[in-house]
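Okay, entry03.txt is below, compact mmCIF, C-alpha atoms (C1' of nucleotides):
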```
# COMPACT_ATOMS: atom_id res chain seq x y z
CA MET A 10 -146.16 -37.78 41.91
CA SER A 11 -143.58 -39.39 44.11
CA ARG A 12 -143.46 -38.32 47.71
CA SER A 13 -140.32 -37.78 49.72
CA GLY A 14 -139.12 -40.44 52.09
CA ALA A 15 -140.06 -38.33 55.09
CA ASP A 16 -143.60 -37.93 53.79
CA LEU A 17 -143.83 -41.67 53.44
CA ALA A 18 -142.96 -42.04 57.11
CA LEU A 19 -145.56 -39.48 58.09
CA LEU A 20 -148.11 -41.23 55.98
CA LEU A 21 -147.54 -44.46 57.84
CA LEU A 22 -147.74 -42.68 61.16
CA GLY A 23 -150.91 -40.96 60.06
CA GLY A 24 -152.49 -44.26 59.15
CA PHE A 25 -151.58 -45.82 62.45
CA ARG A 26 -152.76 -42.90 64.52
CA SER A 27 -155.93 -42.62 62.57
CA LEU A 28 -156.80 -46.24 63.34
CA VAL A 29 -155.72 -46.18 66.96
CA ASP A 30 -157.24 -42.84 67.82
CA THR A 31 -160.55 -43.78 66.28
CA ALA A 32 -160.54 -47.15 68.00
CA THR A 33 -159.77 -45.64 71.38
CA ALA A 34 -162.48 -43.04 70.99
CA GLU A 35 -164.98 -45.65 69.88
CA LEU A 36 -164.05 -47.91 72.77
CA ALA A 37 -164.75 -45.03 75.13
CA ARG A 38 -168.05 -44.38 73.40
CA ARG A 39 -169.07 -47.97 73.98
CA GLY A 40 -168.50 -47.63 77.67
CA TYR A 41 -164.88 -48.63 78.15
CA GLN A 42 -163.42 -45.37 79.30
CA ASP A 43 -159.75 -44.86 79.80
CA VAL A 44 -158.65 -47.92 77.94
CA ARG A 45 -155.43 -47.03 76.16
CA PRO A 46 -153.65 -49.02 73.51
CA VAL A 47 -151.05 -49.95 76.08
CA HIS A 48 -153.71 -51.64 78.20
CA ASP A 49 -154.88 -53.64 75.26
CA PHE A 50 -151.35 -54.78 74.54
CA ALA A 51 -150.75 -55.70 78.13
CA MET A 52 -153.97 -57.68 78.46
CA ARG A 53 -153.23 -59.47 75.25
CA ALA A 54 -149.80 -60.43 76.55
CA ILE A 55 -151.28 -61.64 79.83
CA ALA A 56 -153.95 -63.64 78.03
CA ALA A 57 -151.18 -65.11 75.90
CA GLY A 58 -149.42 -66.42 78.94
CA ALA A 59 -147.48 -63.64 80.64
CA GLY A 60 -148.26 -64.75 84.16
CA ASN A 61 -146.22 -62.29 86.17
CA ALA A 62 -144.87 -58.77 86.11
CA SER A 63 -141.36 -59.66 85.05
CA GLU A 64 -142.57 -61.76 82.17
CA LEU A 65 -145.00 -59.06 81.08
CA GLY A 66 -142.22 -56.54 81.17
CA ARG A 67 -140.11 -58.76 78.99
CA ARG A 68 -142.86 -59.20 76.45
CA LEU A 69 -143.62 -55.51 76.28
CA SER A 70 -139.95 -54.55 76.32
CA VAL A 71 -140.30 -52.45 79.43
CA SER A 72 -138.90 -52.88 82.91
CA LYS A 73 -140.68 -55.14 85.34
CA GLN A 74 -141.43 -52.09 87.47
CA ALA A 75 -143.19 -50.41 84.59
CA ALA A 76 -145.10 -53.58 83.92
CA ALA A 77 -146.09 -53.75 87.59
CA LYS A 78 -147.53 -50.25 87.36
CA THR A 79 -149.59 -51.18 84.33
CA ILE A 80 -150.81 -54.30 86.09
CA ALA A 81 -151.85 -52.22 89.09
CA VAL A 82 -153.98 -50.03 86.82
CA LEU A 83 -155.55 -52.99 85.06
CA GLN A 84 -156.26 -54.66 88.37
CA GLU A 85 -157.81 -51.54 89.81
CA ARG A 86 -160.19 -51.35 86.87
CA GLY A 87 -161.08 -55.00 87.12
CA TYR A 88 -159.52 -56.05 83.84
CA VAL A 89 -157.06 -58.50 85.34
CA THR A 90 -156.78 -60.35 88.64
CA ARG A 91 -153.68 -61.22 90.59
CA ASP A 92 -153.87 -64.21 92.83
CA THR A 93 -150.94 -65.94 94.37
CA ASP A 94 -150.17 -69.42 93.28
CA PRO A 95 -150.76 -71.60 96.38
CA ARG A 96 -147.82 -73.79 95.43
CA HIS A 97 -145.39 -70.94 94.84
CA ALA A 98 -145.98 -68.40 97.52
CA ARG A 99 -144.08 -65.58 95.95
CA ARG A 100 -145.27 -66.13 92.42
CA MET A 101 -148.42 -64.39 91.32
CA ARG A 102 -150.76 -65.59 88.66
CA LEU A 103 -152.11 -62.89 86.41
CA GLN A 104 -155.39 -63.54 84.71
CA VAL A 105 -157.58 -61.52 82.43
CA THR A 106 -161.09 -61.19 83.82
CA PRO A 107 -164.25 -61.66 81.77
CA LEU A 108 -164.54 -57.87 81.72
CA GLY A 109 -161.01 -57.69 80.39
CA PHE A 110 -161.80 -60.16 77.65
CA GLU A 111 -164.87 -58.11 76.84
CA VAL A 112 -162.64 -55.13 76.23
CA LEU A 113 -160.27 -57.17 74.11
CA ARG A 114 -163.10 -58.54 71.99
CA THR A 115 -164.69 -55.13 71.59
CA GLY A 116 -161.36 -53.63 70.62
CA GLU A 117 -160.80 -56.28 68.01
CA ALA A 118 -164.27 -55.79 66.63
CA ILE A 119 -163.71 -52.05 66.32
CA PHE A 120 -160.40 -52.52 64.55
CA ASP A 121 -161.99 -54.96 62.17
CA GLU A 122 -164.78 -52.52 61.45
CA LEU A 123 -162.21 -49.87 60.68
CA ARG A 124 -160.39 -52.25 58.41
CA ASP A 125 -163.67 -52.99 56.61
CA GLN A 126 -164.20 -49.29 56.21
CA TRP A 127 -160.80 -48.91 54.59
CA GLU A 128 -161.56 -51.88 52.41
CA ARG A 129 -164.68 -50.22 51.14
CA GLN A 130 -162.76 -47.02 50.56
CA ILE A 131 -159.96 -48.35 48.39
CA GLY A 132 -161.15 -51.83 47.49
CA PRO A 133 -160.33 -55.24 48.92
CA ALA A 134 -157.58 -56.01 46.43
CA GLN A 135 -155.83 -52.73 47.12
CA LEU A 136 -155.93 -53.13 50.88
CA GLU A 137 -154.70 -56.68 50.55
CA ASN A 138 -151.87 -55.40 48.40
CA LEU A 139 -151.02 -52.71 50.87
CA GLU A 140 -150.81 -55.23 53.67
CA THR A 141 -148.80 -57.68 51.64
CA HIS A 142 -146.22 -55.14 50.63
CA LEU A 143 -145.95 -53.59 54.04
CA THR A 144 -145.42 -57.03 55.51
CA GLU A 145 -142.75 -57.64 52.95
CA LEU A 146 -141.07 -54.40 53.94
CA VAL A 147 -141.22 -54.52 57.69
CA GLY A 148 -141.84 -58.16 58.48
CA ASP A 149 -144.55 -59.37 60.79
CA PRO A 150 -146.13 -56.88 63.20
CA PRO A 151 -143.88 -56.24 66.16
CA VAL A 152 -144.90 -57.72 69.45
CA ARG A 153 -143.64 -54.73 71.37
CA PHE A 154 -145.80 -51.69 71.24
CA ASP A 155 -143.78 -48.73 72.24
CA THR A 156 -142.30 -46.69 74.99
CA PRO A 157 -143.40 -43.15 75.56
CA GLY A 158 -141.27 -40.34 74.41
CA TRP A 159 -139.48 -42.38 71.82
CA MET A 160 -139.93 -39.58 69.33
CA SER A 161 -137.70 -37.39 71.43
CA ARG A 162 -135.62 -39.68 73.57
CA ASP A 163 -133.06 -42.33 72.96
CA LEU A 164 -134.46 -45.12 70.92
CA GLY A 165 -132.85 -48.31 72.11
CA GLU A 166 -132.90 -51.25 69.78
CA PRO A 167 -135.03 -51.02 66.68
CA ILE A 168 -138.04 -53.25 66.48
CA MET B 16 -154.77 -64.20 53.93
CA SER B 17 -156.53 -61.21 55.37
CA ARG B 18 -155.05 -59.75 58.52
CA SER B 19 -157.05 -58.42 61.42
CA GLY B 20 -157.61 -54.71 61.78
CA ALA B 21 -155.31 -54.56 64.76
CA ASP B 22 -152.52 -56.20 62.78
CA LEU B 23 -152.99 -53.61 60.09
CA ALA B 24 -152.43 -50.89 62.64
CA LEU B 25 -149.29 -52.57 63.93
CA LEU B 26 -148.05 -52.98 60.41
CA LEU B 27 -148.32 -49.24 59.84
CA LEU B 28 -146.60 -48.52 63.12
CA GLY B 29 -143.88 -50.98 62.26
CA GLY B 30 -143.27 -49.28 58.94
CA PHE B 31 -143.06 -45.88 60.52
CA ARG B 32 -140.77 -46.96 63.30
CA SER B 33 -138.59 -48.88 60.94
CA LEU B 34 -138.03 -45.77 58.83
CA VAL B 35 -137.62 -43.36 61.70
CA ASP B 36 -135.40 -45.57 63.82
CA THR B 37 -133.13 -46.32 60.93
CA ALA B 38 -132.98 -42.68 59.93
CA THR B 39 -132.14 -41.58 63.46
CA ALA B 40 -129.43 -44.19 63.79
CA GLU B 41 -127.99 -43.29 60.43
CA LEU B 42 -128.05 -39.59 61.28
CA ALA B 43 -126.08 -40.38 64.42
CA ARG B 44 -123.64 -42.46 62.41
CA ARG B 45 -123.04 -39.50 60.13
CA GLY B 46 -122.08 -37.33 63.03
CA TYR B 47 -125.35 -35.77 64.11
CA GLN B 48 -125.75 -37.32 67.51
CA ASP B 49 -128.82 -36.87 69.58
CA VAL B 50 -130.99 -35.57 66.81
CA ARG B 51 -134.45 -36.91 67.45
CA PRO B 52 -137.40 -36.84 65.12
CA VAL B 53 -138.95 -34.13 67.22
CA HIS B 54 -135.96 -31.89 66.54
CA ASP B 55 -136.30 -32.39 62.84
CA PHE B 56 -139.96 -31.49 62.99
CA ALA B 57 -139.30 -28.44 65.06
CA MET B 58 -136.53 -27.17 62.80
CA ARG B 59 -138.68 -27.75 59.81
CA ALA B 60 -141.47 -25.72 61.37
CA ILE B 61 -139.07 -22.92 62.25
CA ALA B 62 -137.61 -22.91 58.76
CA ALA B 63 -141.15 -22.75 57.44
CA GLY B 64 -141.80 -19.58 59.37
CA ALA B 65 -142.51 -20.36 62.99
CA GLY B 66 -140.62 -17.40 64.39
CA ASN B 67 -141.36 -17.72 68.08
CA ALA B 68 -142.10 -20.27 70.76
CA SER B 69 -145.86 -19.75 70.82
CA GLU B 70 -146.13 -20.14 67.09
CA LEU B 71 -143.93 -23.21 67.12
CA GLY B 72 -146.07 -24.72 69.83
CA ARG B 73 -149.15 -24.11 67.77
CA ARG B 74 -147.67 -25.74 64.72
CA LEU B 75 -146.49 -28.79 66.62
CA SER B 76 -149.66 -28.99 68.68
CA VAL B 77 -147.84 -28.67 71.95
CA SER B 78 -147.88 -25.97 74.58
CA LYS B 79 -145.67 -22.96 74.11
CA GLN B 80 -143.72 -24.02 77.18
CA ALA B 81 -142.96 -27.39 75.65
CA ALA B 82 -141.95 -25.64 72.45
CA ALA B 83 -139.68 -23.35 74.45
CA LYS B 84 -137.95 -26.35 75.95
CA THR B 85 -137.34 -27.83 72.52
CA ILE B 86 -136.02 -24.50 71.29
CA ALA B 87 -133.62 -24.36 74.22
CA VAL B 88 -132.19 -27.72 73.23
CA LEU B 89 -131.88 -26.79 69.59
CA GLN B 90 -130.23 -23.54 70.50
CA GLU B 91 -127.79 -25.23 72.85
CA ARG B 92 -126.74 -27.55 70.06
CA GLY B 93 -126.36 -24.73 67.59
CA TYR B 94 -129.19 -25.78 65.33
CA VAL B 95 -131.23 -22.63 65.74
CA THR B 96 -130.51 -19.10 66.91
CA ARG B 97 -132.70 -16.80 68.88
CA ASP B 98 -132.11 -13.11 68.44
CA THR B 99 -134.48 -10.43 69.53
CA ASP B 100 -136.12 -8.38 66.88
CA PRO B 101 -134.70 -4.87 67.33
CA ARG B 102 -138.07 -3.37 66.44
CA HIS B 103 -140.08 -5.57 68.81
CA ALA B 104 -138.11 -5.91 71.99
CA ARG B 105 -140.02 -8.82 73.42
CA ARG B 106 -140.40 -10.78 70.24
CA MET B 107 -137.70 -13.24 69.37
CA ARG B 108 -136.75 -14.26 65.92
CA LEU B 109 -135.98 -17.93 65.57
CA GLN B 110 -133.72 -18.95 62.76
CA VAL B 111 -132.30 -22.24 61.65
CA THR B 112 -128.52 -22.10 61.46
CA PRO B 113 -126.49 -23.47 58.56
CA LEU B 114 -125.69 -26.42 60.80
CA GLY B 115 -129.38 -26.91 61.39
CA PHE B 116 -130.08 -26.88 57.68
CA GLU B 117 -127.30 -29.38 57.24
CA VAL B 118 -129.11 -31.73 59.59
CA LEU B 119 -132.37 -31.18 57.79
CA ARG B 120 -130.81 -31.88 54.41
CA THR B 121 -129.01 -34.95 55.68
CA GLY B 122 -132.19 -36.23 57.27
CA GLU B 123 -134.09 -35.78 54.05
CA ALA B 124 -131.37 -37.53 52.11
CA ILE B 125 -131.45 -40.48 54.47
CA PHE B 126 -135.21 -40.76 54.27
CA ASP B 127 -135.03 -40.63 50.51
CA GLU B 128 -132.42 -43.36 50.50
CA LEU B 129 -134.66 -45.49 52.66
CA ARG B 130 -137.52 -44.86 50.33
CA ASP B 131 -135.35 -45.91 47.39
CA GLN B 132 -134.48 -49.04 49.25
CA TRP B 133 -138.13 -49.84 49.72
CA GLU B 134 -138.73 -49.10 46.09
CA ARG B 135 -136.13 -51.62 45.07
CA GLN B 136 -137.62 -54.12 47.46
CA ILE B 137 -141.20 -54.10 46.25
CA GLY B 138 -140.98 -52.22 42.99
CA PRO B 139 -141.68 -48.58 42.10
CA ALA B 140 -145.24 -49.17 41.00
CA GLN B 141 -146.10 -50.97 44.22
CA LEU B 142 -144.62 -48.28 46.42
CA GLU B 143 -146.39 -45.61 44.43
CA ASN B 144 -149.59 -47.55 44.88
CA LEU B 145 -149.03 -47.91 48.57
CA GLU B 146 -148.51 -44.18 48.93
CA THR B 147 -151.48 -43.31 46.81
CA HIS B 148 -153.85 -45.51 48.74
CA LEU B 149 -152.55 -44.48 52.12
CA THR B 150 -152.97 -40.86 51.12
CA GLU B 151 -156.48 -41.63 50.03
CA LEU B 152 -157.17 -43.21 53.40
CA VAL B 153 -155.60 -40.77 55.78
CA GLY B 154 -155.27 -37.60 53.76
CA ASP B 155 -152.09 -35.62 53.46
CA PRO B 156 -149.38 -36.21 56.02
CA PRO B 157 -150.22 -34.47 59.26
CA VAL B 158 -148.17 -31.44 60.14
CA ARG B 159 -148.18 -32.35 63.78
CA PHE B 160 -145.81 -35.05 64.77
CA ASP B 161 -146.89 -36.35 68.07
CA THR B 162 -146.80 -35.96 71.78
CA PRO B 163 -145.01 -38.48 73.91
CA GLY B 164 -146.99 -41.00 75.83
CA TRP B 165 -149.94 -40.82 73.53
CA MET B 166 -150.08 -44.59 73.52
CA SER B 167 -151.02 -44.57 77.13
CA ARG B 168 -152.43 -41.16 77.88
CA ASP B 169 -155.38 -39.14 76.78
CA LEU B 170 -155.31 -38.53 73.11
CA GLY B 171 -156.80 -35.15 72.48
CA GLU B 172 -158.15 -34.43 69.03
CA PRO B 173 -157.37 -36.91 66.32
CA ILE B 174 -155.02 -35.83 63.60
C1' DC C 30 -128.80 -79.70 105.47
C1' DT C 31 -126.54 -75.71 104.15
C1' DT C 32 -124.70 -72.71 101.02
C1' DG C 33 -125.06 -69.97 97.10
C1' DC C 34 -127.08 -68.43 92.70
C1' DT C 35 -131.04 -66.71 90.17
C1' DT C 36 -135.28 -64.49 89.99
C1' DA C 37 -139.74 -62.20 91.54
C1' DG C 38 -141.54 -58.38 93.30
C1' DA C 39 -141.70 -54.22 96.37
C1' DC C 40 -140.04 -49.69 97.38
C1' DA C 41 -137.77 -45.40 96.60
C1' DA C 42 -135.54 -42.01 93.95
C1' DC C 43 -134.93 -39.97 89.63
C1' DC C 44 -135.57 -38.41 84.62
C1' DT C 45 -138.02 -36.71 80.61
C1' DG C 46 -141.19 -34.32 78.27
C1' DG C 47 -145.11 -32.93 78.41
C1' DA C 48 -149.32 -29.81 80.86
C1' DT C 49 -151.10 -25.86 83.79
C1' DG C 50 -151.14 -21.69 86.12
C1' DT C 51 -149.43 -17.21 87.06
C1' DC C 52 -147.18 -13.13 85.93
C1' DA C 53 -144.85 -8.95 83.89
C1' DT C 54 -144.09 -6.96 79.57
C1' DT C 55 -145.38 -5.29 75.29
C1' DG C 56 -147.53 -4.00 71.18
C1' DA C 57 -151.84 -2.81 68.89
C1' DC C 58 -155.88 -0.47 68.64
C1' DA C 59 -160.07 2.06 69.97
C1' DT D 21 -154.37 7.12 76.98
C1' DG D 22 -156.49 2.97 78.55
C1' DT D 23 -157.59 -1.55 77.51
C1' DC D 24 -156.84 -5.97 75.48
C1' DA D 25 -154.40 -9.86 73.50
C1' DA D 26 -150.42 -12.35 73.32
C1' DT D 27 -145.45 -13.37 74.26
C1' DG D 28 -142.37 -15.63 77.03
C1' DA D 29 -140.51 -16.73 81.71
C1' DC D 30 -140.97 -19.23 85.93
C1' DA D 31 -142.68 -22.55 89.00
C1' DT D 32 -145.26 -26.59 89.76
C1' DC D 33 -147.52 -30.84 88.63
C1' DC D 34 -148.14 -35.28 86.24
C1' DA D 35 -147.45 -39.69 83.69
C1' DG D 36 -144.81 -43.25 82.54
C1' DG D 37 -140.97 -44.76 82.17
C1' DT D 38 -135.83 -45.84 84.37
C1' DT D 39 -132.28 -47.57 87.85
C1' DG D 40 -130.88 -49.25 92.15
C1' DT D 41 -131.53 -51.63 96.38
C1' DC D 42 -133.72 -54.92 99.16
C1' DT D 43 -136.08 -59.29 100.76
C1' DA D 44 -137.72 -63.61 99.95
C1' DA D 45 -138.47 -67.74 97.30
C1' DG D 46 -136.95 -71.53 94.50
C1' DC D 47 -133.44 -74.53 92.96
C1' DA D 48 -129.17 -76.93 92.54
C1' DA D 49 -124.86 -78.50 94.18
C1' DG D 50 -121.78 -79.73 97.67
```

Show me the file's structure as structure tokens.
Amino acid sequence: MSRSGADLALLLLGGFRSLVDTATAELARRGYQDVRPVHDFAMRAIAAGAGNASELGRRLSVSKQAAAKTIAVLQERGYVTRDTDPRHARRMRLQVTPLGFEVLRTGEAIFDELRDQWERQIGPAQLENLETHLTELVGDPPVRFDTPGWMSRDLGEPI
Amino acid sequence: MSRSGADLALLLLGGFRSLVDTATAELARRGYQDVRPVHDFAMRAIAAGAGNASELGRRLSVSKQAAAKTIAVLQERGYVTRDTDPRHARRMRLQVTPLGFEVLRTGEAIFDELRDQWERQIGPAQLENLETHLTELVGDPPVRFDTPGWMSRDLGEPI
DNA sequence: CTTGCTTAGACAACCTGGATGTCATTGACA
DNA sequence: TGTCAATGACATCCAGGTTGTCTAAGCAAG
């Protein structure tokens, strides 16, 4: 039976949400409360070299102000630090703390476990196939995550 | 090469967004400006029998107030009508207008075209396979669409 | 050295799309 | 008839973005 195009979209959304929701819940269960996907993305971007708010905003495709808010949250929870570069007074240096890296590693581990679970469910070859074809269809995973309300608001440029 | 679990999640998101973004843009191009996925979902739910705001809210997993707001927008744009049931003074009867159905049909057509495009890209058997396995993994497409900000906020019950 | 451009980051105001809480009305049912 | 459940309206709050304005730092060119 061939599904409609809309169903296909929902199926993809369902898969994504299933993974992310489970991962978030599991992360909370393991002691990292209140870590949202967006925090993971932000920390990953910081670890990858986004050293300041503007740069982080650029990488996440949000305004620098929005990025600054996220940074404030991460800092408050001890996941990143913000110290000023002694040589460039106005420039801050963002760094992921050991605790932050702990969260990142745990998150990755959980996602990998979920992937293993899927692999057991449909078989390694099938999952591999699924990934290959999806990659073919949509290209490499987008770096940007999302902006809230995009289901209802204006969409901006496609990923 | 086997991707990480997190990449798998992003791949699914990418596929979904790719379809939905393109569909929304195309819908706008064909003259239906400002139709967002959430409107499509809402109209679909109304057409399927959600006759009032509370019921619509239940079906979309949002509060009745949020549903009422969506209804107001749809009504303003002429996609649904709200007339009071003469027999039950306080109960409204929501109905999708011909224009609303036009949008729904056009949206479906666009999604189906996109699906055809994918089919040509990776082959019918592969797409069928992809759908079958995804269905196996996440079950039937969820009726609920989403709530905005779920990437960053509390998630509620999983789909 | 000074002038001028670019950029970081802070602050404030605003918008959207939800959630909550309260309330009057209303229909159903014991 | 009295009580209960539920609808829908209204007001308020909240989160997470946006834009706009401002100051200060860095850099390059005259």

May I have chain A as a compact mmCIF listing (two decimals) with C-alpha atoms, in the coordinates of the input, after a least-squares superposition on chain B that uses all C-alpha atoms paired in order?
```txt
# COMPACT_ATOMS: atom_id res chain seq x y z
CA MET A 10 -154.72 -64.29 53.81
CA SER A 11 -156.46 -61.31 55.26
CA ARG A 12 -155.04 -59.82 58.41
CA SER A 13 -157.05 -58.51 61.31
CA GLY A 14 -157.63 -54.82 61.68
CA ALA A 15 -155.31 -54.66 64.67
CA ASP A 16 -152.52 -56.29 62.69
CA LEU A 17 -153.00 -53.70 60.00
CA ALA A 18 -152.44 -50.97 62.57
CA LEU A 19 -149.32 -52.67 63.85
CA LEU A 20 -148.06 -53.04 60.35
CA LEU A 21 -148.34 -49.32 59.77
CA LEU A 22 -146.62 -48.61 63.06
CA GLY A 23 -143.90 -51.06 62.19
CA GLY A 24 -143.29 -49.36 58.88
CA PHE A 25 -143.09 -45.95 60.46
CA ARG A 26 -140.79 -47.03 63.25
CA SER A 27 -138.61 -48.93 60.90
CA LEU A 28 -138.05 -45.81 58.79
CA VAL A 29 -137.64 -43.41 61.68
CA ASP A 30 -135.43 -45.63 63.79
CA THR A 31 -133.14 -46.36 60.88
CA ALA A 32 -132.99 -42.71 59.91
CA THR A 33 -132.17 -41.61 63.44
CA ALA A 34 -129.47 -44.22 63.78
CA GLU A 35 -128.00 -43.29 60.42
CA LEU A 36 -128.07 -39.61 61.29
CA ALA A 37 -126.11 -40.41 64.43
CA ARG A 38 -123.66 -42.47 62.41
CA ARG A 39 -123.04 -39.52 60.14
CA GLY A 40 -122.10 -37.36 63.06
CA TYR A 41 -125.36 -35.78 64.14
CA GLN A 42 -125.77 -37.32 67.54
CA ASP A 43 -128.85 -36.87 69.60
CA VAL A 44 -131.02 -35.56 66.84
CA ARG A 45 -134.51 -36.90 67.44
CA PRO A 46 -137.44 -36.81 65.09
CA VAL A 47 -138.96 -34.10 67.23
CA HIS A 48 -135.97 -31.86 66.56
CA ASP A 49 -136.32 -32.36 62.87
CA PHE A 50 -139.99 -31.45 63.02
CA ALA A 51 -139.30 -28.39 65.09
CA MET A 52 -136.52 -27.13 62.82
CA ARG A 53 -138.69 -27.70 59.81
CA ALA A 54 -141.46 -25.65 61.40
CA ILE A 55 -139.03 -22.87 62.27
CA ALA A 56 -137.58 -22.87 58.77
CA ALA A 57 -141.14 -22.70 57.47
CA GLY A 58 -141.77 -19.53 59.36
CA ALA A 59 -142.48 -20.29 63.01
CA GLY A 60 -140.59 -17.33 64.38
CA ASN A 61 -141.32 -17.64 68.07
CA ALA A 62 -142.05 -20.16 70.77
CA SER A 63 -145.79 -19.65 70.85
CA GLU A 64 -146.10 -20.05 67.12
CA LEU A 65 -143.90 -23.14 67.16
CA GLY A 66 -146.03 -24.60 69.88
CA ARG A 67 -149.12 -23.99 67.82
CA ARG A 68 -147.65 -25.66 64.77
CA LEU A 69 -146.48 -28.68 66.70
CA SER A 70 -149.67 -28.86 68.75
CA VAL A 71 -147.85 -28.54 72.03
CA SER A 72 -147.86 -25.81 74.64
CA LYS A 73 -145.64 -22.81 74.16
CA GLN A 74 -143.69 -23.89 77.23
CA ALA A 75 -142.94 -27.24 75.68
CA ALA A 76 -141.92 -25.53 72.49
CA ALA A 77 -139.64 -23.22 74.47
CA LYS A 78 -137.90 -26.23 75.98
CA THR A 79 -137.32 -27.74 72.56
CA ILE A 80 -135.99 -24.42 71.30
CA ALA A 81 -133.58 -24.26 74.24
CA VAL A 82 -132.19 -27.66 73.28
CA LEU A 83 -131.87 -26.75 69.62
CA GLN A 84 -130.20 -23.49 70.52
CA GLU A 85 -127.77 -25.17 72.86
CA ARG A 86 -126.70 -27.52 70.09
CA GLY A 87 -126.33 -24.71 67.61
CA TYR A 88 -129.16 -25.76 65.34
CA VAL A 89 -131.19 -22.60 65.74
CA THR A 90 -130.45 -19.06 66.90
CA ARG A 91 -132.66 -16.72 68.85
CA ASP A 92 -132.07 -13.06 68.40
CA THR A 93 -134.41 -10.35 69.47
CA ASP A 94 -136.04 -8.28 66.83
CA PRO A 95 -134.63 -4.74 67.31
CA ARG A 96 -138.00 -3.26 66.41
CA HIS A 97 -140.03 -5.45 68.75
CA ALA A 98 -138.09 -5.77 71.94
CA ARG A 99 -140.01 -8.64 73.39
CA ARG A 100 -140.35 -10.62 70.21
CA MET A 101 -137.65 -13.09 69.36
CA ARG A 102 -136.71 -14.20 65.91
CA LEU A 103 -135.94 -17.87 65.59
CA GLN A 104 -133.70 -18.92 62.77
CA VAL A 105 -132.27 -22.22 61.68
CA THR A 106 -128.49 -22.09 61.47
CA PRO A 107 -126.46 -23.48 58.58
CA LEU A 108 -125.66 -26.44 60.83
CA GLY A 109 -129.36 -26.91 61.41
CA PHE A 110 -130.06 -26.88 57.70
CA GLU A 111 -127.26 -29.39 57.27
CA VAL A 112 -129.09 -31.73 59.60
CA LEU A 113 -132.37 -31.18 57.79
CA ARG A 114 -130.80 -31.88 54.41
CA THR A 115 -129.00 -34.96 55.69
CA GLY A 116 -132.19 -36.24 57.27
CA GLU A 117 -134.09 -35.79 54.05
CA ALA A 118 -131.38 -37.54 52.10
CA ILE A 119 -131.46 -40.50 54.47
CA PHE A 120 -135.23 -40.79 54.25
CA ASP A 121 -135.05 -40.67 50.50
CA GLU A 122 -132.42 -43.38 50.48
CA LEU A 123 -134.67 -45.51 52.63
CA ARG A 124 -137.55 -44.88 50.30
CA ASP A 125 -135.35 -45.92 47.36
CA GLN A 126 -134.48 -49.07 49.22
CA TRP A 127 -138.14 -49.90 49.68
CA GLU A 128 -138.72 -49.13 46.04
CA ARG A 129 -136.12 -51.64 45.04
CA GLN A 130 -137.62 -54.17 47.41
CA ILE A 131 -141.20 -54.13 46.18
CA GLY A 132 -140.97 -52.22 42.92
CA PRO A 133 -141.67 -48.60 42.04
CA ALA A 134 -145.25 -49.20 40.94
CA GLN A 135 -146.10 -51.01 44.15
CA LEU A 136 -144.63 -48.34 46.39
CA GLU A 137 -146.40 -45.67 44.39
CA ASN A 138 -149.61 -47.60 44.84
CA LEU A 139 -149.05 -47.96 48.53
CA GLU A 140 -148.54 -44.24 48.90
CA THR A 141 -151.51 -43.37 46.76
CA HIS A 142 -153.87 -45.58 48.68
CA LEU A 143 -152.59 -44.56 52.06
CA THR A 144 -153.01 -40.93 51.07
CA GLU A 145 -156.52 -41.71 49.99
CA LEU A 146 -157.19 -43.31 53.35
CA VAL A 147 -155.64 -40.86 55.74
CA GLY A 148 -155.31 -37.68 53.73
CA ASP A 149 -152.13 -35.69 53.48
CA PRO A 150 -149.40 -36.28 56.07
CA PRO A 151 -150.22 -34.57 59.33
CA VAL A 152 -148.25 -31.51 60.22
CA ARG A 153 -148.23 -32.39 63.88
CA PHE A 154 -145.86 -35.09 64.89
CA ASP A 155 -146.88 -36.42 68.21
CA THR A 156 -146.88 -36.02 71.92
CA PRO A 157 -145.14 -38.51 74.12
CA GLY A 158 -147.11 -41.07 75.94
CA TRP A 159 -150.03 -40.90 73.59
CA MET A 160 -150.16 -44.67 73.51
CA SER A 161 -151.07 -44.69 77.17
CA ARG A 162 -152.49 -41.30 77.96
CA ASP A 163 -155.44 -39.30 76.86
CA LEU A 164 -155.36 -38.67 73.18
CA GLY A 165 -156.84 -35.26 72.59
CA GLU A 166 -158.12 -34.50 69.14
CA PRO A 167 -157.33 -36.95 66.38
CA ILE A 168 -154.99 -35.81 63.68
```

Margin query: For DA48 (chain C), find every residue with an atom within 9 Å (counting all atoms listed in the file), except residues of its own chain fewer than 5 positions away, and show them as JSON, numbers by chain.
Written below: {"B": [78, 80, 81], "D": [33, 34]}

Note to self: What does the structure give for the distance between CA of Ala118 (chain A) and CA of Gly30 (chain B), in Å to one decimal?
What the structure shows: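 Pair CA of Ala118 (chain A) / CA of Gly30 (chain B) returns 23.3 Å.
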
Would you tabulate, counting all atoms listed in the file, all residues of chain D that have an atom at most 9 Å from an atom of chain A, showing the closest pair of atoms and their distance in Å to one decimal, sorted by chain then ascending number, as a Markdown table?
```
| residue | atom | partner | partner_atom | distance |
| --- | --- | --- | --- | --- |
| D:DG36 | C1' | A:Pro157 | CA | 7.1 |
| D:DG37 | C1' | A:Ala75 | CA | 6.5 |
| D:DT38 | C1' | A:Ser72 | CA | 7.8 |
| D:DA44 | C1' | A:Arg99 | CA | 7.8 |
| D:DA45 | C1' | A:Arg99 | CA | 6.2 |
| D:DG46 | C1' | A:His97 | CA | 8.5 |
```

Pick out the chain C residues within 9 Å of chain B. Count only C-alpha atoms (C1' of nucleotides). Give them as an mmCIF file with C-alpha atoms (C1' of nucleotides), keeping the file's coordinate frame.
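Writing done, so here's selection_24.cif:
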```cif
data_model
loop_
_atom_site.group_PDB
_atom_site.id
_atom_site.type_symbol
_atom_site.label_atom_id
_atom_site.label_comp_id
_atom_site.auth_asym_id
_atom_site.auth_seq_id
_atom_site.Cartn_x
_atom_site.Cartn_y
_atom_site.Cartn_z
ATOM 1 C "C1'" DG C 46 -141.190 -34.320 78.270
ATOM 2 C "C1'" DG C 47 -145.110 -32.930 78.410
ATOM 3 C "C1'" DA C 48 -149.320 -29.810 80.860
ATOM 4 C "C1'" DT C 54 -144.090 -6.960 79.570
ATOM 5 C "C1'" DT C 55 -145.380 -5.290 75.290
ATOM 6 C "C1'" DG C 56 -147.530 -4.000 71.180
#
```
